[in-house]
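S.K.: I have a structure I would like to understand better, so I am pasting it below and will then ask my questions one at a time.
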Amino acid sequence: MRRRARGSALPSALIAVALTAALAAALADVARTELVLARQRRMAAAALAAADSCLATVAADLPVGWDFGDVLRGPDDVPGTADDGVLAAPPGCAAAARPPAGAASPPARLELTIDAQAASGRRRLTALVGRAREPGAPALLWLADTAALAPADGTLALDGRDPRDPAAPAWAAAAAPGDPAVLDAWLAGRAAVAPGTGAPITAQPPPLAALVARAAAAAGAGALGGAGPPAPAIVLVAGDLAVASPSAGAGVLVVDGTLDVAAPLTFAGLVVATRGLRVAAGASLTVAGTVWLGAPAGASALLADGNVAVARDPAALAAADALLALPRPAALLGLQDLG
């Protein structure tokens, strides 16, 4: 009986060994498959992150404006050429634009396609881009350039808080293309920034030439007044404007030149000066709204030897936007991962 029991145990042991070997092989295959899948997931995640980063950069670089006709015309600004819809993109990715199906011409929305490669992985995204709800950069001072900003002896008071909604995100003190640290250094020690006002931000330059053209085409241009509460109007000055006596205005003030303030000037809404703002000693500029400034090459956009105060006023800016539709930055409306 014992000999027969030993003989019958051998096949059982062999079967057990075979099953164990098969299970070990199966586990090894599963482990190899998991390693391959993990590698592929890492590559896909890296590619997706690269595509997301590329999309953010491309969208941030889209020009501020009213529609996307200039984007679709491409770098040569000529429709019907090979570069139509081609966009500059960071290394490792490519970007192209086209109007959404059924869009008007020029389109108010844009469809972006992003192809990115990273860590041997590829990813394609498509995104719908429109215009932001609020006009302009979310800043009190919007400068076309910061290359020649210079200090001045006057005072600069900036308040980016929303007086109607204390919980709303505050505007930045200033915005301009390039490194916001340049604006930080320029404001340091010479600007009284209200608590809660945001730090300077990077933003595409304001489309000042296009804004001048639109103001010129608008009907019902007004003028600055000397007394009484001003009615909102579009005030367009072709060339420099010298303010020599106390003045006030509301709506949109567009100076296609230098705004030279030598007496108190109060304005509610948007103030634009394509060749810079100068405030003489003893004079003052008080704006409830925002100020957009350009400057000639090598000149500072703002020289304030007097007093300049700019405070956020959503109602005044909305009134200005109702008079003359203002440009808006691009805003991401939707995103689809095409794999």
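All residue names refer to the structure tokens as shown: chains lettered A, B, ... in order, residues numbered from 1 in each chain, ligands numbered from 1 in order.
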I'd like a table as CSV: residues in segment 197-309 of chain A with an atom no more than 10 Å from segment 52-60 of chain A, each row giving the shortest atom pair and its distance in Å to one decimal, only C-alpha atoms counted, sorted by chain and rising residue number.
M.R.:
```
residue,atom,partner,partner_atom,distance
A:Thr202,CA,A:Ala60,CA,9.5
A:Ala203,CA,A:Ala60,CA,8.0
A:Gln204,CA,A:Ala60,CA,7.8
```
S.K.: Would you pick out the contacts of Gly226 of chain A at 7 Å or less, using only C-alpha atoms, so that residues sharing its chain but fewer than 6 positions from it are not included, and give the list as an MDAnalysis selection string?
M.R.: chainID A and resid 246:248
S.K.: Nearest residue to Ala127 of chain A out of A:Asp77, A:Leu187, A:Ala51, A:Ala231, using only C-alpha atoms?
M.R.: A:Ala51
S.K.: Where does segment 278-335 of chain A meet segment 154-177 of chain A within 10 Å, residue by residue, with the nearest atom pair and distance in Å to one decimal for each, counting only C-alpha atoms, listed by chain and rising number, as a Markdown table?
M.R.:
```
| residue | atom | partner | partner_atom | distance |
| --- | --- | --- | --- | --- |
| A:Val279 | CA | A:Gly154 | CA | 8.3 |
| A:Ala280 | CA | A:Gly154 | CA | 8.5 |
| A:Ala281 | CA | A:Gly154 | CA | 7.0 |
| A:Gly282 | CA | A:Gly154 | CA | 8.8 |
| A:Ala283 | CA | A:Gly154 | CA | 9.5 |
| A:Ser284 | CA | A:Thr155 | CA | 9.3 |
| A:Leu285 | CA | A:Leu156 | CA | 9.7 |
| A:Thr286 | CA | A:Ala157 | CA | 9.3 |
| A:Val287 | CA | A:Leu158 | CA | 9.9 |
| A:Ala288 | CA | A:Asp159 | CA | 9.7 |
| A:Gly289 | CA | A:Gly160 | CA | 9.4 |
| A:Thr290 | CA | A:Gly160 | CA | 9.6 |
| A:Val291 | CA | A:Ala174 | CA | 9.5 |
| A:Trp292 | CA | A:Ala175 | CA | 9.5 |
| A:Leu293 | CA | A:Ala176 | CA | 9.9 |
| A:Leu303 | CA | A:Gly154 | CA | 8.4 |
| A:Ala304 | CA | A:Gly154 | CA | 5.2 |
| A:Asp305 | CA | A:Gly154 | CA | 3.9 |
| A:Gly306 | CA | A:Gly154 | CA | 4.4 |
| A:Asn307 | CA | A:Thr155 | CA | 4.8 |
| A:Val308 | CA | A:Leu156 | CA | 4.9 |
| A:Ala309 | CA | A:Ala157 | CA | 4.5 |
| A:Val310 | CA | A:Leu158 | CA | 5.1 |
| A:Ala311 | CA | A:Asp159 | CA | 4.6 |
| A:Arg312 | CA | A:Gly160 | CA | 5.2 |
| A:Asp313 | CA | A:Asp162 | CA | 6.8 |
| A:Pro314 | CA | A:Asp162 | CA | 7.2 |
| A:Ala315 | CA | A:Arg164 | CA | 9.1 |
```
S.K.: Selection from above, C-alpha atoms, as a JSON list (two decimals), in the first residue's frame, can you write it?
M.R.:
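Contents of out14.json, as written:
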```
[["chain", "number", "residue", "atom", "x", "y", "z"],
["A", 279, "VAL", "CA", 1.85, 114.70, -16.99],
["A", 280, "ALA", "CA", 3.59, 117.92, -16.04],
["A", 281, "ALA", "CA", 4.55, 118.90, -12.51],
["A", 282, "GLY", "CA", 1.56, 120.40, -10.73],
["A", 283, "ALA", "CA", -0.89, 118.73, -13.15],
["A", 284, "SER", "CA", -2.94, 115.60, -12.60],
["A", 285, "LEU", "CA", -4.67, 112.82, -14.52],
["A", 286, "THR", "CA", -7.43, 110.88, -12.77],
["A", 287, "VAL", "CA", -8.95, 107.94, -14.63],
["A", 288, "ALA", "CA", -11.80, 105.71, -13.53],
["A", 289, "GLY", "CA", -11.24, 102.84, -15.92],
["A", 290, "THR", "CA", -7.99, 102.02, -17.70],
["A", 291, "VAL", "CA", -5.15, 103.58, -19.73],
["A", 292, "TRP", "CA", -3.56, 102.07, -22.88],
["A", 293, "LEU", "CA", -0.28, 103.58, -24.05],
["A", 303, "LEU", "CA", 6.42, 110.32, -17.85],
["A", 304, "ALA", "CA", 4.59, 111.57, -14.77],
["A", 305, "ASP", "CA", 6.13, 114.57, -13.06],
["A", 306, "GLY", "CA", 2.63, 115.36, -11.77],
["A", 307, "ASN", "CA", 0.04, 113.05, -10.25],
["A", 308, "VAL", "CA", -1.55, 110.09, -12.03],
["A", 309, "ALA", "CA", -4.33, 108.01, -10.45],
["A", 310, "VAL", "CA", -6.01, 105.08, -12.18],
["A", 311, "ALA", "CA", -8.77, 103.09, -10.47],
["A", 312, "ARG", "CA", -10.72, 100.20, -11.90],
["A", 313, "ASP", "CA", -14.32, 101.05, -12.82],
["A", 314, "PRO", "CA", -16.21, 98.26, -14.61],
["A", 315, "ALA", "CA", -19.24, 100.46, -15.27]]
```
S.K.: For each of A:Gly239, A:Gly269, A:Pro106, A:Gly121, take the minimum atom-to-atom distance to Leu140 of chain A, counting only C-alpha atoms, then give the residue where this is smallest.
M.R.: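 Of A:Gly239, A:Gly269, A:Pro106, A:Gly121, the one nearest Leu140 of chain A, counting only C-alpha atoms, is A:Gly269.
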S.K.: Leaving out segment 207-224 of chain A and any residue of its chain fewer than 2 positions from it, which residues lie within 8 Å of it when counting only C-alpha atoms, given as a PyMOL selection string?
M.R.: chain A and resi 64-65+205+226+230+233-236+247-249+254+256+272+274+294+324+326-327
S.K.: Could you tell me how far atom CA of Asp115 of chain A sits from atom CA of Ala94 of chain A, in Å to one decimal place?
M.R.: 5.2 Å
S.K.: Counting only C-alpha atoms, which of A:Val243, A:Ala194, A:Leu277, A:Leu335 gets nearest to Gly225 of chain A?
M.R.: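 For Gly225 of chain A, the nearest of the given residues is A:Val243.
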S.K.: Can you pull out the residues contacting Ala185 of chain A? Cut-off 12 Å, using only C-alpha atoms, and skip same-chain residues under 3 positions away; I want them as a list in words.
M.R.: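 These residues fall inside the cut-off: Thr146, Leu149, Ala150, Pro151, Ala174, Asp179, Pro180, Ala181, Val182, Ala188, Gly189, Arg190, Ala191, Ala199 and Pro200 of chain A.
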